[in-house]
Amino acid sequence: MPQYPLNQPDDLMALARNRAADSRRQLLENMTDMFLATDTRLSERERTLMEDILVKLVHEMEMEVRRDLAIRLARADAAPHELIVLLANDQIEIARPLLDQSRLLRDADLVEIVKLRSQEHRLAVAARQGIGEAVTQALIDYGDDQTIEALIANPDAILSRHAVEYLVEESRRIDRFQEPLLARSDLPVDLAHRMFWWVSASLRQVILTRFRIEEALLDELLEEAAVAAATVSPPVTEAERLAMSLAERDGISERFVLQNLRAGHVLAAVAGLARLAGLDLAATRRIVFDPGGEALAACAKSIGISRSGFAAIYLLTREAHDRSQVIEPGRVETMMKLFDKIEVKQARAMLRLWTRDPAYNAAIDAIASAPSVRRIAMEGG
């Protein structure tokens with residue numbers, strides 16, 4: 001088959017008139033070469049004409065040819081935009097190289113692909129480098145869980161604060177969102193701590209030790225919380241009121257807490273911890289009976305409970321929470337290591353955040369309604 005000079009686009013028209021498949025494939029290859037050649041000089045008229053021909057030719061080409069062309073164009077610095085978009089909307093086997101790599105696809109192009117094409121297209125877009133907020137929001141709106149997980153795991157994806165808040169809330173029900181969210185460098189500290197109440201024990205330790213709450217940030221968050229709607233705390237039972245009076249009468253100390261726990265007076269012990277921590281009784285109840293115990297570690301560290309005192313309080317409150325529960329020695333060791341890692345200043349900051357921001361109170365309300373906690377409140381400790 002004759003080869004046509006790449007610098008004579010008008011001569012290619014003769015090849016365009018040949019309807020044979022091989023001729024049209026040769027035409028497509030030569031015209032593509034002309035576009036990609038850095039030393040080719042085309043007038044605006046020639047370029048427009050060739051773009052129209054290329055787009056029409058691609059529609060006629062078999063899948064293998066379109067895939068080869070997409071691979072060639074994926075790393076191109078210049079190519080007909082309409083052609084790039086056309087191939088990026090093709091079957092995923094053809095579109096993937098462009099969705100993965102092409103810098104010629106604009107955010108608006110990607111948003112349309114996300115809205116109109118398959119989940120496989122969305123998954124490829126989710127893994128792209130440097131996708132902007134409009135694209136990431138479209139992926140959240142139209143993608144399935146697998147696509148959104150890939151998006152969260154993409155460190156180059158730019159997520160708005162609104163998008164991150166939504167994904168953090170979604171991580172309550174979709175566990176596999178949690179770890180990649182906490183691995184993101186742009187996850188706000190306050191949202192990481194909000195996740196504390198529903199992630200696994202290992203991820204709780206990540207939050208407590210990696211996401212530091214600076215004083216300026218804490219003040220800003222608490223100022224925002226001050227204008228937010230107040231949450232309604234669980235009602236205080238008569239038994240709890242008596243326990244609080246007992247704590248005030250007898251004086252409050254680590255010893256008071258331990259003595260009451262050992263005597264089975266759980267509510268008195270909780271009331272004592274509430275007074276020591278400067279918390280309301282409902283918030284303290286939530287923290288103490290949180291099944292994991294990590295919140296209790298932070299609370300104990302913030303109020304100066306000794307290491308041995310925390311170990312005893314941890315074991316006794318676990319027993320009160322579930323009398324049939326057997327605490328493995330390895331779990332106790334893990335909790336002690338966590339207690340040692342938490343800094344007092346950070347523990348105090350976390351307590352302020354947990355107990356004064358309505359969002360955090362809402363996040364842990366479920367703990368107060370747990371059957372074992374209700375049982376203790378009803379029995380009066």
# chains A, B, ... in the order shown; residues from 1 in each chain; ligands from 1

$ residues_around --residues "A:Arg128" --least-positions-apart "2" --cutoff "12 Å" --atoms "only C-alpha atoms" --output "JSON, numbers by chain"
{"A": [96, 97, 98, 99, 100, 101, 102, 103, 105, 107, 110, 121, 122, 123, 124, 125, 126, 130, 131, 132, 135, 136, 139, 147, 150, 151, 152, 153, 154, 155, 156, 157, 158]}

$ residues_around --residues "stretch 206-218 of chain A" --least-positions-apart "2" --cutoff "9 Å" --atoms "only C-alpha atoms" --output "PDB file with C-alpha atoms, in the first residue's frame"
ATOM      1  CA  LEU A 182      -7.855   7.846  57.913  1.00  0.00           C
ATOM      2  CA  PRO A 188      -9.514  17.229  58.866  1.00  0.00           C
ATOM      3  CA  VAL A 189      -8.552  16.415  62.432  1.00  0.00           C
ATOM      4  CA  ASP A 190     -12.039  17.005  63.795  1.00  0.00           C
ATOM      5  CA  ALA A 192     -11.008  11.966  62.102  1.00  0.00           C
ATOM      6  CA  HIS A 193     -11.985  12.212  65.766  1.00  0.00           C
ATOM      7  CA  MET A 195     -14.970   8.649  63.275  1.00  0.00           C
ATOM      8  CA  PHE A 196     -13.538   7.453  66.589  1.00  0.00           C
ATOM      9  CA  ALA A 201      -9.975  -0.718  67.883  1.00  0.00           C
ATOM     10  CA  SER A 202      -6.854  -0.542  65.699  1.00  0.00           C
ATOM     11  CA  LEU A 203      -8.150   2.509  63.835  1.00  0.00           C
ATOM     12  CA  ARG A 204      -9.145   4.162  67.110  1.00  0.00           C
ATOM     13  CA  GLU A 220     -12.375  27.325  66.446  1.00  0.00           C
ATOM     14  CA  LEU A 221     -14.366  24.095  66.559  1.00  0.00           C
ATOM     15  CA  LEU A 222     -15.847  24.863  69.950  1.00  0.00           C
ATOM     16  CA  GLU A 223     -16.798  28.354  68.806  1.00  0.00           C
ATOM     17  CA  GLU A 294     -10.319   3.610  74.160  1.00  0.00           C
ATOM     18  CA  ALA A 298      -8.398   9.094  77.072  1.00  0.00           C
ATOM     19  CA  LEU A 338      -2.579   2.968  74.352  1.00  0.00           C
ATOM     20  CA  LYS A 341       0.854   6.650  74.322  1.00  0.00           C
ATOM     21  CA  ILE A 342      -1.875   9.224  74.848  1.00  0.00           C
ATOM     22  CA  GLU A 343      -0.564  12.620  75.914  1.00  0.00           C
ATOM     23  CA  GLN A 346      -4.284  15.673  73.745  1.00  0.00           C
ATOM     24  CA  ALA A 347      -6.568  13.660  76.006  1.00  0.00           C
ATOM     25  CA  ALA A 349      -8.507  18.353  74.062  1.00  0.00           C
ATOM     26  CA  MET A 350     -10.339  15.239  72.890  1.00  0.00           C
ATOM     27  CA  ARG A 352     -13.513  18.926  75.279  1.00  0.00           C
ATOM     28  CA  LEU A 353     -14.282  18.145  71.660  1.00  0.00           C
TER      29      LEU A 353
END

$ residues_around --residues "A:Met335" --least-positions-apart "4" --cutoff "8 Å" --atoms "only C-alpha atoms" --output "JSON, numbers by chain"
{"A": [293, 294, 297, 331, 339]}

$ write_last_selection --atoms "C-alpha atoms" --output "PDB file, in the first residue's frame"
ATOM      1  CA  GLY A 293     -12.490   1.214  76.168  1.00  0.00           C
ATOM      2  CA  GLU A 294     -10.319   3.610  74.160  1.00  0.00           C
ATOM      3  CA  ALA A 297      -8.332   5.522  78.356  1.00  0.00           C
ATOM      4  CA  ARG A 331      -6.492  -6.866  75.146  1.00  0.00           C
ATOM      5  CA  PHE A 339      -2.948   4.624  77.756  1.00  0.00           C
TER       6      PHE A 339
END

$ atom_distance --atom1 "atom CA of A:Glu149" --atom2 "atom CA of A:Phe177"
5.9 Å

$ closest_residue --among "A:Leu261, A:Tyr314, A:Arg184, A:Val344" --to "A:Ile287" --atoms "only C-alpha atoms"
A:Tyr314

$ residues_around --residues "A:Asp90" --least-positions-apart "6" --cutoff "12 Å" --atoms "only C-alpha atoms" --output "NGL selection string"
:A and (58-59 or 62-63 or 66-67 or 69-70 or 83-84 or 96-99 or 113 or 116-118 or 120-121)

$ write_last_selection --atoms "N, CA, C and O atoms" --output "PDB file, in the first residue's frame"
ATOM      1  N   VAL A  58     -12.863   7.244  13.007  1.00  0.00           N
ATOM      2  CA  VAL A  58     -12.884   6.436  14.229  1.00  0.00           C
ATOM      3  C   VAL A  58     -14.206   5.710  14.371  1.00  0.00           C
ATOM      4  O   VAL A  58     -14.263   4.559  14.822  1.00  0.00           O
ATOM      5  N   HIS A  59     -15.286   6.362  13.991  1.00  0.00           N
ATOM      6  CA  HIS A  59     -16.601   5.723  14.066  1.00  0.00           C
ATOM      7  C   HIS A  59     -16.659   4.445  13.232  1.00  0.00           C
ATOM      8  O   HIS A  59     -17.430   3.530  13.539  1.00  0.00           O
ATOM      9  N   GLU A  62     -12.738  -0.788  13.617  1.00  0.00           N
ATOM     10  CA  GLU A  62     -13.025  -1.876  14.530  1.00  0.00           C
ATOM     11  C   GLU A  62     -12.380  -1.598  15.891  1.00  0.00           C
ATOM     12  O   GLU A  62     -11.526  -0.728  16.031  1.00  0.00           O
ATOM     13  N   MET A  63     -12.792  -2.393  16.866  1.00  0.00           N
ATOM     14  CA  MET A  63     -12.388  -2.148  18.254  1.00  0.00           C
ATOM     15  C   MET A  63     -10.876  -2.149  18.426  1.00  0.00           C
ATOM     16  O   MET A  63     -10.312  -1.309  19.144  1.00  0.00           O
ATOM     17  N   ARG A  66      -9.384   1.156  17.344  1.00  0.00           N
ATOM     18  CA  ARG A  66      -9.722   2.232  18.289  1.00  0.00           C
ATOM     19  C   ARG A  66      -8.910   2.100  19.576  1.00  0.00           C
ATOM     20  O   ARG A  66      -8.448   3.098  20.136  1.00  0.00           O
ATOM     21  N   ARG A  67      -8.709   0.869  20.023  1.00  0.00           N
ATOM     22  CA  ARG A  67      -7.913   0.673  21.239  1.00  0.00           C
ATOM     23  C   ARG A  67      -6.454   1.096  21.012  1.00  0.00           C
ATOM     24  O   ARG A  67      -5.861   1.768  21.873  1.00  0.00           O
ATOM     25  N   LEU A  69      -5.363   3.255  18.904  1.00  0.00           N
ATOM     26  CA  LEU A  69      -5.327   4.707  18.793  1.00  0.00           C
ATOM     27  C   LEU A  69      -5.425   5.360  20.170  1.00  0.00           C
ATOM     28  O   LEU A  69      -4.702   6.323  20.470  1.00  0.00           O
ATOM     29  N   ALA A  70      -6.302   4.829  21.019  1.00  0.00           N
ATOM     30  CA  ALA A  70      -6.448   5.385  22.372  1.00  0.00           C
ATOM     31  C   ALA A  70      -5.142   5.270  23.148  1.00  0.00           C
ATOM     32  O   ALA A  70      -4.756   6.192  23.876  1.00  0.00           O
ATOM     33  N   LEU A  83     -11.855  14.077  19.445  1.00  0.00           N
ATOM     34  CA  LEU A  83     -11.451  12.681  19.270  1.00  0.00           C
ATOM     35  C   LEU A  83     -11.121  12.039  20.617  1.00  0.00           C
ATOM     36  O   LEU A  83     -11.513  10.894  20.890  1.00  0.00           O
ATOM     37  N   ILE A  84     -10.417  12.774  21.462  1.00  0.00           N
ATOM     38  CA  ILE A  84     -10.078  12.269  22.799  1.00  0.00           C
ATOM     39  C   ILE A  84     -11.349  11.961  23.585  1.00  0.00           C
ATOM     40  O   ILE A  84     -11.494  10.894  24.202  1.00  0.00           O
ATOM     41  N   ARG A  96     -10.083   3.160  28.769  1.00  0.00           N
ATOM     42  CA  ARG A  96      -9.262   3.122  29.977  1.00  0.00           C
ATOM     43  C   ARG A  96      -7.922   3.847  29.859  1.00  0.00           C
ATOM     44  O   ARG A  96      -7.556   4.606  30.767  1.00  0.00           O
ATOM     45  N   PRO A  97      -7.129   3.655  28.781  1.00  0.00           N
ATOM     46  CA  PRO A  97      -5.835   4.372  28.714  1.00  0.00           C
ATOM     47  C   PRO A  97      -5.996   5.885  28.804  1.00  0.00           C
ATOM     48  O   PRO A  97      -5.199   6.560  29.465  1.00  0.00           O
ATOM     49  N   LEU A  98      -7.025   6.419  28.171  1.00  0.00           N
ATOM     50  CA  LEU A  98      -7.260   7.860  28.204  1.00  0.00           C
ATOM     51  C   LEU A  98      -7.755   8.304  29.574  1.00  0.00           C
ATOM     52  O   LEU A  98      -7.321   9.331  30.104  1.00  0.00           O
ATOM     53  N   LEU A  99      -8.665   7.534  30.166  1.00  0.00           N
ATOM     54  CA  LEU A  99      -9.158   7.878  31.493  1.00  0.00           C
ATOM     55  C   LEU A  99      -8.051   7.796  32.534  1.00  0.00           C
ATOM     56  O   LEU A  99      -8.041   8.546  33.512  1.00  0.00           O
ATOM     57  N   ILE A 113     -18.610  11.913  31.626  1.00  0.00           N
ATOM     58  CA  ILE A 113     -18.325  10.474  31.548  1.00  0.00           C
ATOM     59  C   ILE A 113     -18.824   9.771  32.813  1.00  0.00           C
ATOM     60  O   ILE A 113     -19.437   8.708  32.757  1.00  0.00           O
ATOM     61  N   LEU A 116     -22.673   9.550  32.660  1.00  0.00           N
ATOM     62  CA  LEU A 116     -23.345   8.844  31.573  1.00  0.00           C
ATOM     63  C   LEU A 116     -22.788   7.466  31.248  1.00  0.00           C
ATOM     64  O   LEU A 116     -23.472   6.673  30.595  1.00  0.00           O
ATOM     65  N   ARG A 117     -21.568   7.172  31.670  1.00  0.00           N
ATOM     66  CA  ARG A 117     -20.960   5.912  31.273  1.00  0.00           C
ATOM     67  C   ARG A 117     -21.063   4.881  32.401  1.00  0.00           C
ATOM     68  O   ARG A 117     -21.749   5.075  33.392  1.00  0.00           O
ATOM     69  N   SER A 118     -20.334   3.793  32.270  1.00  0.00           N
ATOM     70  CA  SER A 118     -20.487   2.646  33.174  1.00  0.00           C
ATOM     71  C   SER A 118     -19.712   2.833  34.476  1.00  0.00           C
ATOM     72  O   SER A 118     -18.887   3.748  34.622  1.00  0.00           O
ATOM     73  N   GLU A 120     -17.399   0.922  35.388  1.00  0.00           N
ATOM     74  CA  GLU A 120     -15.991   0.690  35.051  1.00  0.00           C
ATOM     75  C   GLU A 120     -15.320   1.994  34.632  1.00  0.00           C
ATOM     76  O   GLU A 120     -14.153   2.240  34.968  1.00  0.00           O
ATOM     77  N   HIS A 121     -16.041   2.827  33.883  1.00  0.00           N
ATOM     78  CA  HIS A 121     -15.507   4.143  33.528  1.00  0.00           C
ATOM     79  C   HIS A 121     -15.297   4.986  34.784  1.00  0.00           C
ATOM     80  O   HIS A 121     -14.266   5.650  34.934  1.00  0.00           O
TER      81      HIS A 121
END

$ closest_residue --among "A:Arg106, A:Asp145, A:Gln137, A:Leu351" --to "A:Asp280" --atoms "only C-alpha atoms"
A:Leu351

$ atom_distance --atom1 "atom CA of A:Val111" --atom2 "atom CA of A:Val65"
26.1 Å

$ atom_distance --atom1 "atom CA of A:Gly292" --atom2 "atom CA of A:Ile313"
13.4 Å

$ closest_residue --among "A:Trp198, A:Phe289, A:Phe256, A:Trp354" --to "A:Glu169" --atoms "only C-alpha atoms"
A:Trp198

$ select_by_dssp --residues "stretch 109-217 of chain A" --states "helix (DSSP H, G or I)" --output "MDAnalysis selection string"
chainID A and resid 109:116 119:126 133:142 145:152 161:170 175:183 189:195 201:210 215:217
